[in-house]
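Reading through the structure tokens given below for one structure.
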Amino acid sequence: MTPIIDMHTHTMASGHGYSTLKENIEAAKERGLRALGLSEHGPAMPGGPHIFFFSNYRCIPREYEGLRLFCGVEANICDYDGGLDLEEGILERMDYVIASMHTMCCRPGTIEENTQASIMAMQNPHVTVLGHPDDSRYPLDREKIVRVAKESGTAIEINNSSLNPLAARKGARENIKELLYWCGRYETPVLLGTDSHICYTVGDFTEVLTVLEEEAFPKELVLNYDMNNLKKIVKPDRL
Ligand SMILES: [Zn+2]
Ligand SMILES: [Zn+2]
């Protein structure tokens, strides 16, 4: 089976991405994806888009020759109470919301603080994906995260970029294996994301697929193989 959905991609608008939306769309079609998610960084990211960027998504067509496009955000978790860097009115306009911790926007805390930040972000009704909880710079109680994800209907992202040997998120391979272990135990769905910052990696899940195979992770818990699973990520009126 091949993943047909990539909901974690960035363009030049994120400030440190290198492709345009058109280039990402063309790349997604070439890879055979059926759904592409635009998840630019939230405005707290240095060089990230202004909030007006997110309020203008209405001008973007959501279908390109059979490729569905969804316009969302990778919001920054900014404090240990799960506060995000976009206000309610803008979050409402997003087709979907990933919430992630980045060192530029949230200083790594204790395991209790980081875990609470992640849990409270997942309890935000707009958030349907917890982005890359695989970063050793943010110690986390991964069992608790995965259990709450199941309860709150949030998908755990398994991030292909984290497995790049040059990635900033250290220890990701072991942390991803731990996430997969608990996701298997609690039957928590996972969403594979490429976290592409250039068109050439859109839809390329090589690294995570190898780890899923090694861990014999059940395919039915992976959301990327079936367009029907988008209802777990995207707001119903945007499908
Ligand atoms: Zn980025
Ligand atoms: Zn991120």
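Within each chain, counting starts at residue 1; across the structure tokens, chains are named A, B, ... in the order shown, with ligands numbered 1 upward in that order.
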Contacts of A:Thr206 at 9 Å (only C-alpha atoms; same-chain gap of 3+ positions) as a CSV table (one decimal) with all heavy atoms, in the first residue's frame:
```csv
chain,number,residue,atom,x,y,z
A,160,ASN,N,8.3,12.1,8.8
A,160,ASN,CA,9.4,11.6,8.0
A,160,ASN,C,10.6,12.4,8.1
A,160,ASN,O,11.8,11.9,8.1
A,160,ASN,CB,8.9,11.5,6.5
A,160,ASN,CG,9.8,10.6,5.7
A,160,ASN,OD1,9.8,9.3,5.9
A,160,ASN,ND2,10.7,11.1,4.9
A,209,LEU,N,8.1,4.7,6.5
A,209,LEU,CA,7.5,3.4,6.1
A,209,LEU,C,8.5,2.3,6.5
A,209,LEU,O,8.0,1.2,6.9
A,209,LEU,CB,7.3,3.4,4.6
A,209,LEU,CG,6.1,4.2,4.1
A,209,LEU,CD1,6.0,4.3,2.6
A,209,LEU,CD2,4.8,3.8,4.8
A,210,THR,N,9.8,2.5,6.5
A,210,THR,CA,10.7,1.5,6.9
A,210,THR,C,10.5,1.2,8.4
A,210,THR,O,10.5,0.0,8.8
A,210,THR,CB,12.2,2.0,6.6
A,210,THR,OG1,12.3,2.3,5.2
A,210,THR,CG2,13.2,1.0,7.0
```
Shell of 10 Å around ligand 2 (only C-alpha atoms and all ligand atoms), written as a PyMOL selection string: chain A and resi 8-10+39-42+45+74-76+98-103+130-133+159+161-162+169+195-196
Residues as selected, N, CA, C and O atoms, written as an mmCIF file, in the first residue's frame, can you do that?
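Output below, filename part_12.cif:
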```cif
data_model
loop_
_atom_site.group_PDB
_atom_site.id
_atom_site.type_symbol
_atom_site.label_atom_id
_atom_site.label_comp_id
_atom_site.auth_asym_id
_atom_site.auth_seq_id
_atom_site.Cartn_x
_atom_site.Cartn_y
_atom_site.Cartn_z
ATOM 1 N N HIS A 8 1.247 17.358 5.883
ATOM 2 C CA HIS A 8 2.242 18.219 6.543
ATOM 3 C C HIS A 8 3.259 18.712 5.519
ATOM 4 O O HIS A 8 4.267 18.049 5.263
ATOM 5 N N THR A 9 2.964 19.849 4.919
ATOM 6 C CA THR A 9 3.878 20.456 3.935
ATOM 7 C C THR A 9 3.919 21.969 4.131
ATOM 8 O O THR A 9 2.950 22.577 4.579
ATOM 9 N N HIS A 10 5.060 22.525 3.792
ATOM 10 C CA HIS A 10 5.274 23.980 3.893
ATOM 11 C C HIS A 10 5.686 24.530 2.529
ATOM 12 O O HIS A 10 6.228 23.812 1.700
ATOM 13 N N SER A 39 0.244 23.182 5.392
ATOM 14 C CA SER A 39 0.269 23.404 6.847
ATOM 15 C C SER A 39 1.417 24.352 7.175
ATOM 16 O O SER A 39 2.424 23.944 7.744
ATOM 17 N N GLU A 40 1.231 25.605 6.775
ATOM 18 C CA GLU A 40 2.287 26.578 7.047
ATOM 19 C C GLU A 40 2.464 26.759 8.551
ATOM 20 O O GLU A 40 1.526 26.554 9.327
ATOM 21 N N HIS A 41 3.655 27.174 8.951
ATOM 22 C CA HIS A 41 3.884 27.455 10.372
ATOM 23 C C HIS A 41 3.011 28.625 10.822
ATOM 24 O O HIS A 41 2.743 29.541 10.048
ATOM 25 N N GLY A 42 2.611 28.584 12.067
ATOM 26 C CA GLY A 42 1.870 29.692 12.643
ATOM 27 C C GLY A 42 2.748 30.938 12.756
ATOM 28 O O GLY A 42 3.974 30.870 12.622
ATOM 29 N N MET A 45 6.325 31.629 14.552
ATOM 30 C CA MET A 45 7.602 31.131 14.006
ATOM 31 C C MET A 45 8.359 32.313 13.370
ATOM 32 O O MET A 45 7.785 33.024 12.554
ATOM 33 N N GLU A 74 0.262 24.596 10.818
ATOM 34 C CA GLU A 74 0.986 23.913 11.885
ATOM 35 C C GLU A 74 1.165 24.966 12.972
ATOM 36 O O GLU A 74 2.125 25.748 12.960
ATOM 37 N N ALA A 75 0.189 25.029 13.847
ATOM 38 C CA ALA A 75 0.190 26.052 14.893
ATOM 39 C C ALA A 75 1.285 25.745 15.906
ATOM 40 O O ALA A 75 1.618 24.575 16.155
ATOM 41 N N ASN A 76 1.827 26.792 16.475
ATOM 42 C CA ASN A 76 2.843 26.639 17.514
ATOM 43 C C ASN A 76 2.185 26.536 18.880
ATOM 44 O O ASN A 76 1.381 27.394 19.251
ATOM 45 N N ILE A 98 -2.731 21.311 12.816
ATOM 46 C CA ILE A 98 -1.703 20.506 13.485
ATOM 47 C C ILE A 98 -1.151 21.389 14.596
ATOM 48 O O ILE A 98 -0.974 22.594 14.385
ATOM 49 N N ALA A 99 -0.874 20.837 15.760
ATOM 50 C CA ALA A 99 -0.221 21.624 16.823
ATOM 51 C C ALA A 99 1.126 20.974 17.140
ATOM 52 O O ALA A 99 1.203 19.752 17.320
ATOM 53 N N SER A 100 2.170 21.795 17.184
ATOM 54 C CA SER A 100 3.531 21.273 17.394
ATOM 55 C C SER A 100 4.325 22.192 18.314
ATOM 56 O O SER A 100 4.024 23.384 18.430
ATOM 57 N N MET A 101 5.361 21.606 18.911
ATOM 58 C CA MET A 101 6.280 22.399 19.735
ATOM 59 C C MET A 101 7.573 22.627 18.964
ATOM 60 O O MET A 101 8.142 21.693 18.391
ATOM 61 N N HIS A 102 8.003 23.880 18.940
ATOM 62 C CA HIS A 102 9.254 24.264 18.268
ATOM 63 C C HIS A 102 10.059 25.116 19.245
ATOM 64 O O HIS A 102 9.489 25.984 19.910
ATOM 65 N N THR A 103 11.364 24.904 19.237
ATOM 66 C CA THR A 103 12.189 25.566 20.256
ATOM 67 C C THR A 103 12.163 27.095 20.141
ATOM 68 O O THR A 103 12.356 27.791 21.124
ATOM 69 N N LEU A 130 -1.317 15.984 16.482
ATOM 70 C CA LEU A 130 -0.192 16.442 17.297
ATOM 71 C C LEU A 130 1.075 16.216 16.478
ATOM 72 O O LEU A 130 1.407 15.075 16.141
ATOM 73 N N GLY A 131 1.748 17.327 16.112
ATOM 74 C CA GLY A 131 2.894 17.239 15.213
ATOM 75 C C GLY A 131 4.167 16.776 15.920
ATOM 76 O O GLY A 131 4.463 17.210 17.033
ATOM 77 N N HIS A 132 4.867 15.889 15.274
ATOM 78 C CA HIS A 132 6.178 15.354 15.702
ATOM 79 C C HIS A 132 6.470 15.336 17.216
ATOM 80 O O HIS A 132 7.434 15.978 17.663
ATOM 81 N N PRO A 133 5.688 14.564 17.995
ATOM 82 C CA PRO A 133 6.037 14.438 19.429
ATOM 83 C C PRO A 133 7.187 13.426 19.623
ATOM 84 O O PRO A 133 7.090 12.475 20.401
ATOM 85 N N ASN A 159 6.570 11.562 11.753
ATOM 86 C CA ASN A 159 7.128 12.602 10.877
ATOM 87 C C ASN A 159 8.369 12.098 10.140
ATOM 88 O O ASN A 159 9.370 11.736 10.757
ATOM 89 N N SER A 161 10.465 13.746 8.238
ATOM 90 C CA SER A 161 11.628 14.644 8.311
ATOM 91 C C SER A 161 12.422 14.443 9.595
ATOM 92 O O SER A 161 13.630 14.669 9.627
ATOM 93 N N SER A 162 11.729 14.021 10.663
ATOM 94 C CA SER A 162 12.441 13.801 11.922
ATOM 95 C C SER A 162 13.494 12.712 11.775
ATOM 96 O O SER A 162 14.457 12.664 12.533
ATOM 97 N N ARG A 169 15.619 17.466 15.279
ATOM 98 C CA ARG A 169 14.953 16.707 16.346
ATOM 99 C C ARG A 169 15.742 15.423 16.607
ATOM 100 O O ARG A 169 15.629 14.449 15.882
ATOM 101 N N ASP A 195 6.402 16.642 6.366
ATOM 102 C CA ASP A 195 6.952 17.901 6.880
ATOM 103 C C ASP A 195 7.878 18.515 5.825
ATOM 104 O O ASP A 195 8.962 19.012 6.145
ATOM 105 N N SER A 196 7.429 18.478 4.579
ATOM 106 C CA SER A 196 8.256 18.965 3.464
ATOM 107 C C SER A 196 8.445 20.469 3.538
ATOM 108 O O SER A 196 7.498 21.216 3.762
#
```
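For the choices A:Tyr96, A:Gly47, A:Cys183, A:Ala35, the atom-to-atom distance to ligand 1 is smallest for A:Gly47 when using only C-alpha atoms and all ligand atoms.
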Spatial neighbours of A:Lys219, 12 Å, only C-alpha atoms, chain gap at least 3 places, as a PyMOL selection string: chain A and resi 1-3+180+183-184+187-192+209+212-213+215-216+222-226
Which of stretch 68-196 of chain A fall in strand (DSSP E or B), as a list in words: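 Across stretch 68-196 of chain A, those assigned strand (DSSP E or B) are Arg68, Leu69, Phe70, Cys71, Gly72, Val73, Glu74, Ala75, Asn76, Ile77, Leu84, Val97, Ile98, Ala99, Ser100, Val127, Thr128, Val129, Leu130, Ala155, Ile156, Glu157, Ile158, Asn159, Val190, Leu191, Leu192, Gly193 and Ser196 of chain A.
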Long-range neighbours of A:Val148 as a PyMOL selection string, 12 Å cut-off, only C-alpha atoms, 2 positions minimum in chain: chain A and resi 115-116+118-123+130+141-146+150-156+182-183+186-189
With N, CA and C atoms kept, could you save the residues just selected as a PDB file, in the first residue's frame?
```pdb
ATOM      1  N   THR A 115       4.417  17.584  28.613  1.00  0.00           N
ATOM      2  CA  THR A 115       3.287  16.659  28.451  1.00  0.00           C
ATOM      3  C   THR A 115       1.979  17.415  28.622  1.00  0.00           C
ATOM      4  N   GLN A 116       1.929  18.293  29.623  1.00  0.00           N
ATOM      5  CA  GLN A 116       0.709  19.081  29.823  1.00  0.00           C
ATOM      6  C   GLN A 116       0.448  19.983  28.623  1.00  0.00           C
ATOM      7  N   SER A 118       1.239  19.523  25.524  1.00  0.00           N
ATOM      8  CA  SER A 118       0.762  18.713  24.398  1.00  0.00           C
ATOM      9  C   SER A 118      -0.672  18.253  24.629  1.00  0.00           C
ATOM     10  N   ILE A 119      -0.966  17.839  25.849  1.00  0.00           N
ATOM     11  CA  ILE A 119      -2.312  17.336  26.154  1.00  0.00           C
ATOM     12  C   ILE A 119      -3.336  18.457  26.027  1.00  0.00           C
ATOM     13  N   MET A 120      -3.004  19.620  26.560  1.00  0.00           N
ATOM     14  CA  MET A 120      -3.975  20.719  26.496  1.00  0.00           C
ATOM     15  C   MET A 120      -4.156  21.193  25.056  1.00  0.00           C
ATOM     16  N   ALA A 121      -3.112  21.143  24.251  1.00  0.00           N
ATOM     17  CA  ALA A 121      -3.257  21.495  22.826  1.00  0.00           C
ATOM     18  C   ALA A 121      -4.177  20.488  22.129  1.00  0.00           C
ATOM     19  N   MET A 122      -4.025  19.202  22.463  1.00  0.00           N
ATOM     20  CA  MET A 122      -4.875  18.178  21.834  1.00  0.00           C
ATOM     21  C   MET A 122      -6.331  18.334  22.240  1.00  0.00           C
ATOM     22  N   GLN A 123      -6.552  18.919  23.408  1.00  0.00           N
ATOM     23  CA  GLN A 123      -7.929  19.098  23.864  1.00  0.00           C
ATOM     24  C   GLN A 123      -8.592  20.316  23.225  1.00  0.00           C
ATOM     25  N   LEU A 130      -1.317  15.984  16.482  1.00  0.00           N
ATOM     26  CA  LEU A 130      -0.192  16.442  17.297  1.00  0.00           C
ATOM     27  C   LEU A 130       1.075  16.216  16.478  1.00  0.00           C
ATOM     28  N   ASP A 141       5.867  12.305  28.353  1.00  0.00           N
ATOM     29  CA  ASP A 141       5.289  11.031  28.783  1.00  0.00           C
ATOM     30  C   ASP A 141       4.490  10.520  27.590  1.00  0.00           C
ATOM     31  N   ARG A 142       5.139   9.718  26.758  1.00  0.00           N
ATOM     32  CA  ARG A 142       4.499   9.347  25.484  1.00  0.00           C
ATOM     33  C   ARG A 142       3.303   8.414  25.675  1.00  0.00           C
ATOM     34  N   GLU A 143       3.343   7.610  26.711  1.00  0.00           N
ATOM     35  CA  GLU A 143       2.167   6.758  26.945  1.00  0.00           C
ATOM     36  C   GLU A 143       0.938   7.636  27.215  1.00  0.00           C
ATOM     37  N   LYS A 144       1.128   8.641  28.056  1.00  0.00           N
ATOM     38  CA  LYS A 144       0.004   9.520  28.401  1.00  0.00           C
ATOM     39  C   LYS A 144      -0.484  10.298  27.173  1.00  0.00           C
ATOM     40  N   ILE A 145       0.462  10.796  26.379  1.00  0.00           N
ATOM     41  CA  ILE A 145       0.123  11.553  25.161  1.00  0.00           C
ATOM     42  C   ILE A 145      -0.742  10.697  24.232  1.00  0.00           C
ATOM     43  N   VAL A 146      -0.311   9.456  24.035  1.00  0.00           N
ATOM     44  CA  VAL A 146      -1.011   8.571  23.099  1.00  0.00           C
ATOM     45  C   VAL A 146      -2.392   8.197  23.641  1.00  0.00           C
ATOM     46  N   LYS A 150      -6.018   9.269  21.853  1.00  0.00           N
ATOM     47  CA  LYS A 150      -7.129   8.359  21.554  1.00  0.00           C
ATOM     48  C   LYS A 150      -8.447   8.932  22.089  1.00  0.00           C
ATOM     49  N   GLU A 151      -8.401   9.421  23.345  1.00  0.00           N
ATOM     50  CA  GLU A 151      -9.625   9.948  23.970  1.00  0.00           C
ATOM     51  C   GLU A 151     -10.133  11.198  23.265  1.00  0.00           C
ATOM     52  N   SER A 152      -9.204  12.050  22.812  1.00  0.00           N
ATOM     53  CA  SER A 152      -9.611  13.343  22.235  1.00  0.00           C
ATOM     54  C   SER A 152      -9.777  13.269  20.718  1.00  0.00           C
ATOM     55  N   GLY A 153      -9.558  12.097  20.134  1.00  0.00           N
ATOM     56  CA  GLY A 153      -9.712  11.967  18.678  1.00  0.00           C
ATOM     57  C   GLY A 153      -8.628  12.700  17.905  1.00  0.00           C
ATOM     58  N   THR A 154      -7.437  12.765  18.483  1.00  0.00           N
ATOM     59  CA  THR A 154      -6.315  13.433  17.826  1.00  0.00           C
ATOM     60  C   THR A 154      -5.378  12.373  17.251  1.00  0.00           C
ATOM     61  N   ALA A 155      -4.893  12.614  16.041  1.00  0.00           N
ATOM     62  CA  ALA A 155      -3.924  11.687  15.459  1.00  0.00           C
ATOM     63  C   ALA A 155      -2.518  12.060  15.906  1.00  0.00           C
ATOM     64  N   ILE A 156      -1.694  11.055  16.102  1.00  0.00           N
ATOM     65  CA  ILE A 156      -0.288  11.281  16.416  1.00  0.00           C
ATOM     66  C   ILE A 156       0.485  11.296  15.100  1.00  0.00           C
ATOM     67  N   TRP A 182       3.022   2.539  21.771  1.00  0.00           N
ATOM     68  CA  TRP A 182       1.839   2.935  22.542  1.00  0.00           C
ATOM     69  C   TRP A 182       0.625   3.098  21.630  1.00  0.00           C
ATOM     70  N   CYS A 183       0.829   3.604  20.420  1.00  0.00           N
ATOM     71  CA  CYS A 183      -0.301   3.743  19.483  1.00  0.00           C
ATOM     72  C   CYS A 183      -0.898   2.374  19.169  1.00  0.00           C
ATOM     73  N   TYR A 186      -2.874   1.300  22.431  1.00  0.00           N
ATOM     74  CA  TYR A 186      -4.124   2.033  22.687  1.00  0.00           C
ATOM     75  C   TYR A 186      -4.991   2.171  21.441  1.00  0.00           C
ATOM     76  N   GLU A 187      -4.524   1.620  20.314  1.00  0.00           N
ATOM     77  CA  GLU A 187      -5.226   1.729  19.025  1.00  0.00           C
ATOM     78  C   GLU A 187      -5.487   3.185  18.659  1.00  0.00           C
ATOM     79  N   THR A 188      -4.449   3.991  18.824  1.00  0.00           N
ATOM     80  CA  THR A 188      -4.516   5.405  18.469  1.00  0.00           C
ATOM     81  C   THR A 188      -4.055   5.574  17.022  1.00  0.00           C
ATOM     82  N   PRO A 189      -4.866   6.216  16.174  1.00  0.00           N
ATOM     83  CA  PRO A 189      -4.464   6.381  14.774  1.00  0.00           C
ATOM     84  C   PRO A 189      -3.244   7.297  14.635  1.00  0.00           C
TER      85      PRO A 189
END
```
Counting only C-alpha atoms and all ligand atoms, the residue of A:Lys22, A:Ala28, A:Leu86, A:Met104 that sits nearest ligand 1: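 Once distances to ligand 1 are computed over only C-alpha atoms and all ligand atoms, the minimum belongs to A:Met104.
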For atom CA of A:Arg185 and atom CA of A:Val208, the interatomic separation in Å (one decimal):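 Atom-to-atom, atom CA of A:Arg185 to atom CA of A:Val208, that is 18.9 Å.
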For A:Leu221, the nearest of the candidates A:Met94, A:Leu38, A:Ala168, A:Ile158, counting only C-alpha atoms: A:Ile158
Å distance separating atom CA of A:Pro61 from atom CA of A:Thr11, one decimal place: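 Taking atom CA of A:Pro61 and atom CA of A:Thr11, their separation equals 16.2 Å.
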Which of stretch 1-229 of chain A fall in helix (DSSP H, G or I), as a PyMOL selection string: chain A and resi 12-14+21-31+51-55+57-59+88-93+111-122+142-152+161-163+172-186+199-201+206-214+219-221+223-225+227-229
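Pairwise distance (atom CA of A:Pro236, atom CA of A:Phe53) equals 22.5 Å.
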Residue nearest ligand 1 - candidates A:Asp81, A:Cys105, A:Lys231, A:Ala149, atoms counted: only C-alpha atoms and all ligand atoms: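 The closest residue to ligand 1 is A:Cys105.
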Closest of A:Ser14, A:Ile111, A:Arg31, A:Leu21 to A:Gly203 - atom-to-atom distances counting only C-alpha atoms: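 Answer, going by the shortest atom-to-atom distance: A:Arg31.
The shell of residues at most 12 Å from A:Lys235, with only C-alpha atoms counted and near chain neighbours (fewer than 3 positions) removed, consists of Phe70, Cys71, Gly72, Leu91, Glu92, Arg93, Met94, Asp95, Tyr96, Val97, Pro125, His126, Val127, Thr128, Asn229, Leu230, Lys231, Lys232, Arg238 and Leu239 of chain A.
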